[in-house]
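Structure file start.csv with CSV, C-alpha atoms:
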```
chain,number,residue,atom,x,y,z
A,1,MET,CA,25.1,-20.1,-50.9
A,2,GLN,CA,24.7,-23.6,-49.4
A,3,PRO,CA,21.3,-24.2,-47.9
A,4,LYS,CA,23.0,-24.8,-44.5
A,5,SER,CA,24.9,-21.5,-44.6
A,6,PHE,CA,21.8,-19.7,-45.8
A,7,LEU,CA,19.7,-21.0,-42.9
A,8,LYS,CA,22.5,-20.1,-40.4
A,9,LEU,CA,22.6,-16.5,-41.8
A,10,PHE,CA,18.8,-16.3,-41.8
A,11,TYR,CA,18.5,-17.4,-38.2
A,12,VAL,CA,21.2,-15.0,-37.0
A,13,MET,CA,19.4,-12.1,-38.8
A,14,LEU,CA,16.1,-13.2,-37.4
A,15,GLY,CA,17.5,-13.4,-33.8
A,16,LEU,CA,19.2,-10.1,-34.0
A,17,GLY,CA,16.1,-8.5,-35.5
A,18,LEU,CA,14.0,-9.9,-32.7
A,19,ILE,CA,16.4,-8.8,-29.9
A,20,ILE,CA,16.6,-5.3,-31.3
A,21,THR,CA,12.8,-5.1,-31.8
A,22,VAL,CA,12.0,-6.4,-28.3
A,23,ALA,CA,14.5,-4.0,-26.7
A,24,HIS,CA,13.1,-1.0,-28.7
A,25,ALA,CA,9.5,-1.9,-27.8
A,26,ALA,CA,10.4,-2.2,-24.1
A,27,TYR,CA,12.3,1.2,-24.2
A,28,ALA,CA,9.4,2.8,-26.1
A,29,LEU,CA,6.8,1.6,-23.5
A,30,TYR,CA,9.0,2.8,-20.6
A,31,ALA,CA,9.5,6.2,-22.4
A,32,TYR,CA,5.8,6.4,-23.0
A,33,ASP,CA,5.0,5.8,-19.4
A,34,ASN,CA,7.5,8.4,-18.2
A,35,SER,CA,7.2,11.1,-20.8
A,36,SER,CA,5.4,14.4,-20.2
A,37,ILE,CA,2.0,14.0,-21.9
A,38,ILE,CA,2.2,17.7,-23.0
A,39,HIS,CA,5.4,17.0,-24.8
A,40,PHE,CA,4.1,13.8,-26.2
A,41,VAL,CA,1.0,15.5,-27.7
A,42,SER,CA,3.0,18.4,-29.1
A,43,LYS,CA,5.1,16.0,-31.1
A,44,GLU,CA,2.1,14.2,-32.7
A,45,LEU,CA,2.1,14.0,-36.5
A,46,TRP,CA,-1.0,15.4,-38.2
B,1,MET,CA,21.5,-18.8,-59.6
B,2,LYS,CA,17.7,-18.8,-59.1
B,3,THR,CA,18.2,-20.2,-55.6
B,4,LYS,CA,20.7,-17.5,-54.7
B,5,VAL,CA,18.3,-14.8,-55.8
B,6,LYS,CA,15.6,-16.3,-53.6
B,7,GLN,CA,18.0,-16.5,-50.7
B,8,ILE,CA,19.0,-12.9,-51.0
B,9,ALA,CA,15.4,-11.8,-51.4
B,10,ALA,CA,14.4,-13.7,-48.2
B,11,LEU,CA,17.2,-12.0,-46.3
B,12,LEU,CA,16.3,-8.6,-47.6
B,13,LEU,CA,12.6,-9.1,-46.9
B,14,THR,CA,13.4,-10.2,-43.3
B,15,ALA,CA,15.5,-7.1,-42.7
B,16,ALA,CA,12.8,-4.9,-44.3
B,17,VAL,CA,10.1,-6.3,-42.0
B,18,PHE,CA,12.2,-5.5,-38.8
B,19,ILE,CA,13.3,-2.1,-40.1
B,20,SER,CA,9.7,-1.1,-41.0
B,21,PHE,CA,8.3,-2.3,-37.7
B,22,ASN,CA,11.0,-0.5,-35.6
B,23,TYR,CA,10.5,2.7,-37.7
B,24,VAL,CA,6.7,2.6,-36.9
B,25,ILE,CA,7.5,2.3,-33.2
B,26,TYR,CA,10.0,5.1,-33.4
B,27,ALA,CA,7.7,7.5,-35.3
B,28,LEU,CA,4.7,6.8,-33.1
B,29,ILE,CA,6.3,6.6,-29.7
B,30,THR,CA,10.1,6.9,-29.2
B,31,SER,CA,10.7,10.1,-31.2
B,32,ARG,CA,7.8,11.8,-29.2
B,33,CYS,CA,9.3,10.9,-25.8
B,34,GLY,CA,12.9,11.4,-26.6
B,35,ILE,CA,14.1,14.7,-25.2
B,36,ASN,CA,11.6,14.9,-22.4
B,37,PHE,CA,12.1,11.7,-20.4
B,38,GLU,CA,10.7,13.0,-17.1
B,39,THR,CA,7.2,13.1,-15.7
B,40,ARG,CA,8.1,16.3,-14.0
B,41,ILE,CA,9.4,18.9,-16.4
B,42,ILE,CA,9.9,21.9,-14.2
B,43,GLU,CA,13.5,22.8,-13.1
B,44,PRO,CA,13.3,23.8,-9.4
B,45,GLU,CA,16.1,26.3,-10.0
B,46,ARG,CA,13.7,28.3,-12.2
B,47,TYR,CA,11.6,29.1,-9.2
B,48,LEU,CA,14.2,29.4,-6.5
B,49,PRO,CA,13.0,31.9,-3.8
B,50,PHE,CA,15.1,35.0,-3.3
B,51,ASP,CA,16.8,34.5,-6.7
B,52,ALA,CA,16.7,37.7,-8.7
B,53,ASN,CA,16.0,35.8,-11.9
B,54,ALA,CA,13.4,33.5,-10.5
B,55,GLY,CA,10.4,32.8,-12.7
B,56,TYR,CA,7.6,33.8,-10.3
B,57,THR,CA,6.2,37.3,-9.6
B,58,ARG,CA,7.4,38.9,-6.3
B,59,VAL,CA,4.9,40.7,-4.0
B,60,GLU,CA,6.3,43.0,-1.4
B,61,SER,CA,5.0,42.4,2.1
B,62,ASP,CA,5.7,43.4,5.7
B,63,PHE,CA,4.8,39.9,6.9
B,64,GLU,CA,7.8,37.7,7.8
B,65,LEU,CA,7.8,34.4,9.8
B,66,ASP,CA,10.2,33.9,12.6
B,67,GLY,CA,10.9,31.1,15.1
B,68,ASP,CA,9.7,27.6,13.9
B,69,ILE,CA,9.5,28.0,10.2
B,70,PRO,CA,6.9,25.7,8.6
B,71,VAL,CA,8.2,23.4,5.8
B,72,ILE,CA,6.2,24.0,2.7
B,73,ASP,CA,5.7,21.8,-0.4
B,74,GLY,CA,3.0,21.3,-3.0
B,75,ALA,CA,1.8,20.5,-6.5
B,76,ALA,CA,4.3,21.1,-9.3
B,77,ALA,CA,1.7,23.3,-11.0
B,78,LEU,CA,1.7,25.6,-7.9
B,79,VAL,CA,5.4,26.0,-7.5
B,80,PRO,CA,5.4,29.7,-8.7
B,81,VAL,CA,2.8,30.4,-5.9
B,82,TYR,CA,4.6,28.7,-3.0
B,83,SER,CA,8.0,30.0,-4.1
B,84,ALA,CA,6.6,33.6,-4.1
B,85,ILE,CA,5.0,33.0,-0.7
B,86,VAL,CA,8.4,31.8,0.6
B,87,ASP,CA,10.0,34.8,-1.0
B,88,SER,CA,7.6,37.2,0.8
B,89,ALA,CA,7.2,35.5,4.2
B,90,TYR,CA,10.2,33.3,4.9
B,91,PRO,CA,13.6,34.2,6.2
B,92,LYS,CA,16.2,33.9,3.4
B,93,GLU,CA,18.4,31.4,5.3
B,94,SER,CA,15.5,28.9,5.6
B,95,VAL,CA,15.9,28.1,1.9
B,96,LYS,CA,18.6,25.6,1.2
B,97,PHE,CA,19.3,24.5,-2.3
B,98,ASP,CA,21.9,22.0,-3.5
B,99,TYR,CA,23.0,23.1,-7.0
B,100,ALA,CA,24.9,19.8,-7.5
B,101,THR,CA,21.8,17.7,-7.2
B,102,GLU,CA,19.4,20.5,-8.4
B,103,SER,CA,17.1,20.0,-5.4
B,104,TYR,CA,16.3,21.4,-2.0
B,105,THR,CA,18.1,19.9,0.9
B,106,GLN,CA,16.3,17.9,3.6
B,107,ASP,CA,16.7,20.8,6.1
B,108,SER,CA,15.3,23.4,3.7
B,109,ALA,CA,11.9,25.0,4.6
B,110,ILE,CA,10.8,24.7,1.0
B,111,ARG,CA,10.6,21.4,-0.9
B,112,PHE,CA,9.6,20.7,-4.5
B,113,THR,CA,8.0,17.3,-5.1
B,114,ASP,CA,4.5,16.8,-6.5
B,115,THR,CA,1.0,16.3,-5.3
B,116,ILE,CA,1.4,12.6,-4.6
B,117,LYS,CA,4.6,13.0,-2.4
B,118,ALA,CA,3.3,16.3,-0.9
B,119,TYR,CA,0.1,14.6,0.5
B,120,LYS,CA,2.2,11.7,1.9
B,121,GLY,CA,4.7,14.2,3.3
B,122,VAL,CA,2.0,16.3,5.1
B,123,THR,CA,0.2,13.2,6.4
B,124,ASP,CA,3.5,11.7,7.7
B,125,GLY,CA,4.5,15.0,9.3
B,126,ASP,CA,7.6,15.4,7.1
B,127,VAL,CA,6.2,18.8,5.8
B,128,ASP,CA,4.0,21.2,7.7
B,129,ILE,CA,1.9,22.7,4.9
B,130,ILE,CA,1.2,21.9,1.2
B,131,LEU,CA,-0.6,23.7,-1.6
B,132,CYS,CA,-2.5,21.3,-3.8
B,133,ALA,CA,-5.7,20.3,-5.5
B,134,ALA,CA,-8.2,18.3,-3.5
B,135,PRO,CA,-7.0,14.9,-2.4
B,136,SER,CA,-7.8,11.6,-4.1
B,137,GLU,CA,-9.8,8.9,-2.3
B,138,GLN,CA,-6.6,7.0,-1.7
B,139,GLN,CA,-4.9,10.1,-0.1
B,140,LYS,CA,-7.9,10.6,2.1
B,141,GLN,CA,-7.9,7.0,3.1
B,142,TYR,CA,-4.1,7.0,3.8
B,143,ALA,CA,-4.6,10.0,6.2
B,144,GLN,CA,-7.5,8.2,7.9
B,145,ASP,CA,-5.5,5.0,8.2
B,146,GLN,CA,-2.7,7.0,9.9
B,147,GLY,CA,-5.2,8.5,12.3
B,148,VAL,CA,-4.4,12.0,10.8
B,149,GLU,CA,-7.0,14.7,10.3
B,150,LEU,CA,-6.1,17.1,7.5
B,151,VAL,CA,-7.4,20.7,7.3
B,152,TYR,CA,-8.2,22.0,3.8
B,153,VAL,CA,-8.3,25.8,3.4
B,154,PRO,CA,-9.4,27.0,-0.1
B,155,ILE,CA,-6.9,29.6,-1.2
B,156,GLY,CA,-7.6,30.0,-5.0
B,157,TYR,CA,-9.2,28.8,-8.2
B,158,GLU,CA,-7.8,27.1,-11.3
B,159,ALA,CA,-9.3,26.0,-14.5
B,160,PHE,CA,-9.1,22.3,-15.5
B,161,VAL,CA,-8.3,22.2,-19.2
B,162,PHE,CA,-8.1,19.7,-22.0
B,163,PHE,CA,-5.5,20.0,-24.8
B,164,VAL,CA,-4.7,18.5,-28.2
B,165,ASN,CA,-2.0,18.9,-30.8
B,166,GLU,CA,-2.1,22.4,-32.4
B,167,ASN,CA,-2.8,20.8,-35.8
B,168,ASN,CA,-5.9,18.9,-34.6
B,169,PRO,CA,-8.8,20.7,-36.2
B,170,VAL,CA,-11.1,20.3,-33.2
B,171,ASP,CA,-11.2,23.4,-31.0
B,172,ASN,CA,-14.2,22.8,-28.8
B,173,LEU,CA,-15.8,19.8,-27.0
B,174,THR,CA,-18.9,19.7,-24.7
B,175,LYS,CA,-18.5,18.2,-21.2
B,176,GLU,CA,-20.6,15.3,-22.3
B,177,GLN,CA,-18.4,14.6,-25.4
B,178,ILE,CA,-15.3,14.6,-23.1
B,179,LYS,CA,-16.9,12.1,-20.8
B,180,ASP,CA,-17.9,10.0,-23.7
B,181,ILE,CA,-14.3,10.1,-25.1
B,182,TYR,CA,-12.7,9.1,-21.8
B,183,SER,CA,-15.3,6.4,-21.1
B,184,GLY,CA,-14.7,4.8,-24.6
B,185,GLU,CA,-18.1,5.7,-26.1
B,186,ILE,CA,-16.6,8.1,-28.7
B,187,THR,CA,-13.5,6.7,-30.2
B,188,ASN,CA,-13.0,8.8,-33.4
B,189,TRP,CA,-12.3,12.5,-33.8
B,190,ALA,CA,-14.8,12.5,-36.8
B,191,ASP,CA,-17.6,11.9,-34.3
B,192,VAL,CA,-16.9,15.3,-32.7
B,193,GLY,CA,-16.4,17.3,-35.9
B,194,GLY,CA,-12.7,16.4,-36.5
B,195,ALA,CA,-10.7,14.3,-38.8
B,196,ASP,CA,-11.3,10.5,-39.3
B,197,ARG,CA,-8.7,9.4,-36.8
B,198,ILE,CA,-8.8,7.3,-33.6
B,199,ILE,CA,-8.9,9.3,-30.3
B,200,ASN,CA,-6.0,8.6,-27.9
B,201,PRO,CA,-7.3,9.7,-24.4
B,202,LEU,CA,-4.3,10.2,-22.2
B,203,ASP,CA,-4.5,10.2,-18.4
B,204,ARG,CA,-2.2,10.9,-15.5
B,205,PRO,CA,-0.7,8.8,-12.6
B,206,GLU,CA,-3.2,8.0,-9.9
B,207,GLY,CA,-3.1,10.4,-7.0
B,208,SER,CA,-1.8,13.3,-9.1
B,209,GLY,CA,-3.9,16.5,-8.8
B,210,SER,CA,-5.1,16.5,-12.3
B,211,GLN,CA,-6.0,12.8,-12.3
B,212,THR,CA,-8.0,13.3,-9.1
B,213,VAL,CA,-9.9,16.2,-10.6
B,214,MET,CA,-10.5,14.1,-13.8
B,215,LEU,CA,-12.0,11.3,-11.8
B,216,LYS,CA,-14.3,13.8,-10.1
B,217,PHE,CA,-15.2,15.3,-13.5
B,218,MET,CA,-16.1,11.8,-14.8
B,219,GLY,CA,-18.6,11.5,-12.0
B,220,GLY,CA,-18.1,7.7,-11.5
B,221,ARG,CA,-17.8,6.8,-15.1
B,222,GLU,CA,-14.8,4.5,-15.7
B,223,ILE,CA,-11.9,5.8,-17.8
B,224,GLU,CA,-11.3,3.4,-20.7
B,225,LYS,CA,-8.1,3.5,-22.7
B,226,ASN,CA,-8.1,2.7,-26.4
B,227,ALA,CA,-5.8,-0.2,-27.2
B,228,PHE,CA,-5.1,1.3,-30.6
B,229,GLY,CA,-5.1,4.9,-29.3
B,230,ILE,CA,-1.3,5.2,-29.9
B,231,PHE,CA,-2.1,5.3,-33.7
B,232,GLY,CA,-4.5,8.1,-33.3
B,233,GLY,CA,-4.7,11.8,-32.1
B,234,ALA,CA,-4.3,12.4,-28.4
B,235,ILE,CA,-6.2,14.4,-25.9
B,236,GLY,CA,-4.8,15.2,-22.5
B,237,PHE,CA,-5.8,17.2,-19.4
B,238,SER,CA,-4.1,19.4,-16.9
B,239,PHE,CA,-4.4,22.7,-15.1
B,240,ARG,CA,-4.5,25.9,-17.2
B,241,PHE,CA,-1.5,27.7,-15.8
B,242,TYR,CA,0.7,24.6,-15.8
B,243,VAL,CA,0.1,24.1,-19.5
B,244,ASP,CA,-0.1,27.7,-20.6
B,245,GLY,CA,2.2,29.5,-18.2
B,246,ILE,CA,4.8,27.0,-16.8
B,247,VAL,CA,5.3,24.5,-19.6
B,248,ALA,CA,4.1,26.8,-22.4
B,249,ASN,CA,4.5,24.4,-25.2
B,250,ASP,CA,3.6,25.9,-28.6
B,251,GLY,CA,2.8,22.5,-30.1
B,252,ILE,CA,-0.5,22.1,-28.2
B,253,LYS,CA,-3.7,24.1,-27.9
B,254,LEU,CA,-6.3,24.3,-25.1
B,255,LEU,CA,-9.8,23.3,-26.0
B,256,SER,CA,-12.9,25.3,-25.3
B,257,VAL,CA,-15.5,23.5,-23.3
B,258,ASN,CA,-19.2,24.0,-24.0
B,259,GLY,CA,-18.0,26.8,-26.3
B,260,ILE,CA,-16.1,28.7,-23.6
B,261,ALA,CA,-12.3,29.1,-23.9
B,262,PRO,CA,-10.2,28.8,-20.7
B,263,THR,CA,-9.0,32.4,-20.7
B,264,GLU,CA,-8.1,34.3,-17.5
B,265,GLU,CA,-11.2,36.5,-18.1
B,266,ASN,CA,-13.5,33.5,-18.4
B,267,ILE,CA,-12.1,31.9,-15.3
B,268,ARG,CA,-12.5,35.1,-13.3
B,269,ASN,CA,-16.1,35.7,-14.5
B,270,GLY,CA,-17.0,32.1,-13.8
B,271,SER,CA,-18.2,31.3,-17.3
B,272,TYR,CA,-15.6,28.6,-18.0
B,273,PRO,CA,-17.4,25.4,-16.8
B,274,LEU,CA,-14.4,23.5,-15.2
B,275,ILE,CA,-13.1,25.6,-12.4
B,276,TYR,CA,-11.8,23.9,-9.2
B,277,GLN,CA,-10.5,25.2,-5.9
B,278,PHE,CA,-7.0,24.5,-4.7
B,279,TYR,CA,-6.0,24.4,-1.0
B,280,ALA,CA,-3.5,25.0,1.7
B,281,VAL,CA,-3.5,21.7,3.6
B,282,TYR,CA,-2.0,20.9,7.0
B,283,ARG,CA,-2.5,18.5,9.9
B,284,LYS,CA,-5.1,19.6,12.4
B,285,ASP,CA,-2.8,18.5,15.2
B,286,ASN,CA,0.2,20.6,14.0
B,287,ASP,CA,1.0,22.8,17.0
B,288,ASN,CA,3.4,25.1,15.1
B,289,GLU,CA,1.6,28.5,15.3
B,290,ASN,CA,3.4,29.7,12.2
B,291,VAL,CA,1.3,27.3,10.1
B,292,LYS,CA,-1.9,29.1,10.9
B,293,ARG,CA,-0.1,32.5,10.6
B,294,LEU,CA,1.0,31.4,7.2
B,295,VAL,CA,-2.5,30.4,6.1
B,296,ASP,CA,-3.8,33.8,7.4
B,297,PHE,CA,-1.1,35.5,5.3
B,298,ILE,CA,-2.1,33.5,2.2
B,299,LEU,CA,-5.7,34.6,2.7
B,300,SER,CA,-4.6,38.2,3.3
B,301,GLU,CA,-4.6,40.9,0.6
B,302,ASP,CA,-0.8,40.4,0.0
B,303,GLY,CA,-1.2,36.6,-0.1
B,304,GLN,CA,-4.1,36.7,-2.5
B,305,LYS,CA,-2.1,39.1,-4.6
B,306,ILE,CA,0.7,36.5,-4.8
B,307,ILE,CA,-1.9,34.0,-6.2
B,308,ASP,CA,-3.3,36.5,-8.6
B,309,GLU,CA,0.1,37.7,-9.9
B,310,ASN,CA,1.4,34.1,-10.4
B,311,GLY,CA,-1.2,32.9,-12.8
B,312,TYR,CA,-4.1,31.8,-10.6
B,313,THR,CA,-7.4,33.2,-9.5
B,314,PRO,CA,-7.6,34.3,-5.8
B,315,ILE,CA,-10.4,32.9,-3.6
B,316,LYS,CA,-11.3,36.4,-2.3
```
Kindly return the structure encoded in the file as structure tokens.
Amino acid sequence: MQPKSFLKLFYVMLGLGLIITVAHAAYALYAYDNSSIIHFVSKELW
Amino acid sequence: MKTKVKQIAALLLTAAVFISFNYVIYALITSRCGINFETRIIEPERYLPFDANAGYTRVESDFELDGDIPVIDGAAALVPVYSAIVDSAYPKESVKFDYATESYTQDSAIRFTDTIKAYKGVTDGDVDIILCAAPSEQQKQYAQDQGVELVYVPIGYEAFVFFVNENNPVDNLTKEQIKDIYSGEITNWADVGGADRIINPLDRPEGSGSQTVMLKFMGGREIEKNAFGIFGGAIGFSFRFYVDGIVANDGIKLLSVNGIAPTEENIRNGSYPLIYQFYAVYRKDNDNENVKRLVDFILSEDGQKIIDENGYTPIK
């Protein structure tokens, strides 16, 4: 792969990864704030 | 060829970092919130007055209100009690439920909100009487700012409980240990006889009945949240019947406090150390005579039996 093509692919992957991660983190925070704490504790992994 | 291998490795490594990070968020948070995306987890239909299959215990009574029917609301944890009161004392036609929106209509004599909205509703005059835990400082201040005097009539007792995951090895905490956990002085379960794991002390929205009781229990000590608590084992608080009788989630267990389990017997004999009153609350200037008649009914033998039969401890 040409260095230019590789960088293009790398930045696309980085951008997509960041968008998905930020969206997931925002959703998780919202869900955490709005979830029943009883349900949240019951699903804890031990 | 060597460059190509390095390029592919770099791309795979980047993907692996994102996948791993998102998996950790999913395992620790998202998967535990998924199917229960509501703060309130009670379906009002389950406690619909006059419904033969309703989830509260009926008590037969000769008392029935007529004329100006008081609008009643209250804490989510007390919905079996005030639904049973409506069943016993209200005319059937005063209950209006919209099955499409799964909520009571605005002209219904019974509402179903929560402590925060109920206190606002009774202060603003939108409802006549509410059944709730004691008010928060903000709720008292709001009433004062509106020039409203609220009357608080104790009608029953309930245990304030702490719960953890059923697999957490800790079964008992002292009151002092709980205060130390919530003020950030104890941060690991190993310090209270449990596993070596961070403690995640969970709290509730400000103004909710359980949060107000928690602040009272803390006696002025600030609640400190652990920034890394999400990686640890949680502890939460609520009222006993809400956890044990209404939500009844098998994945959690109630903790003993000072060695005393929050059983019905220990609440009745007063040995469980965290027992609080709950109240019928109304505006002092409410001139609907049925409000006081209703309070008298709640304090009567039949009214106290309703409280008793629906999971709580009567005041008399």
Write down, as a PyMOL selection string, each residue of chain A that has any atom within 6 Å of an atom of chain B, counting only C-alpha atoms. chain A and resi 17+28+31+34-36+40-43
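Taking only C-alpha atoms, the non-local environment of segment 114-116 of chain B within 10 Å (same-chain residues fewer than 4 positions away omitted) comprises B:Arg40, B:Asp73, B:Gly74, B:Ala75, B:Ala76, B:Ala77, B:Leu78, B:Val79, B:Lys120, B:Gly121, B:Ile130, B:Leu131, B:Cys132, B:Ala133, B:Ala134, B:Pro135, B:Ser136, B:Gln139, B:Pro205, B:Glu206, B:Gly207, B:Ser208, B:Gly209, B:Ser210.
Restricting the calculation to only C-alpha atoms, the smallest distance between Gly147 of chain B and any of B:Asp285, B:Glu185, B:Glu264, B:Phe228 is found for B:Asp285.
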Using only C-alpha atoms, determine which residues lie at most 8 Å from segment 187-192 of chain B, disregarding the query and same-chain residues fewer than 5 positions distant; provide the list as a ChimeraX atom specification. /B:170,173,177,181,197-199,226,233
Residues proximal to (12.5, 30.7, -10.1) were defined as those with any atom within 10 Å of that point in the file's coordinates, counting all atoms listed in the file. Which are they, as a ChimeraX atom specification? /B:43-57,79-80,83-84
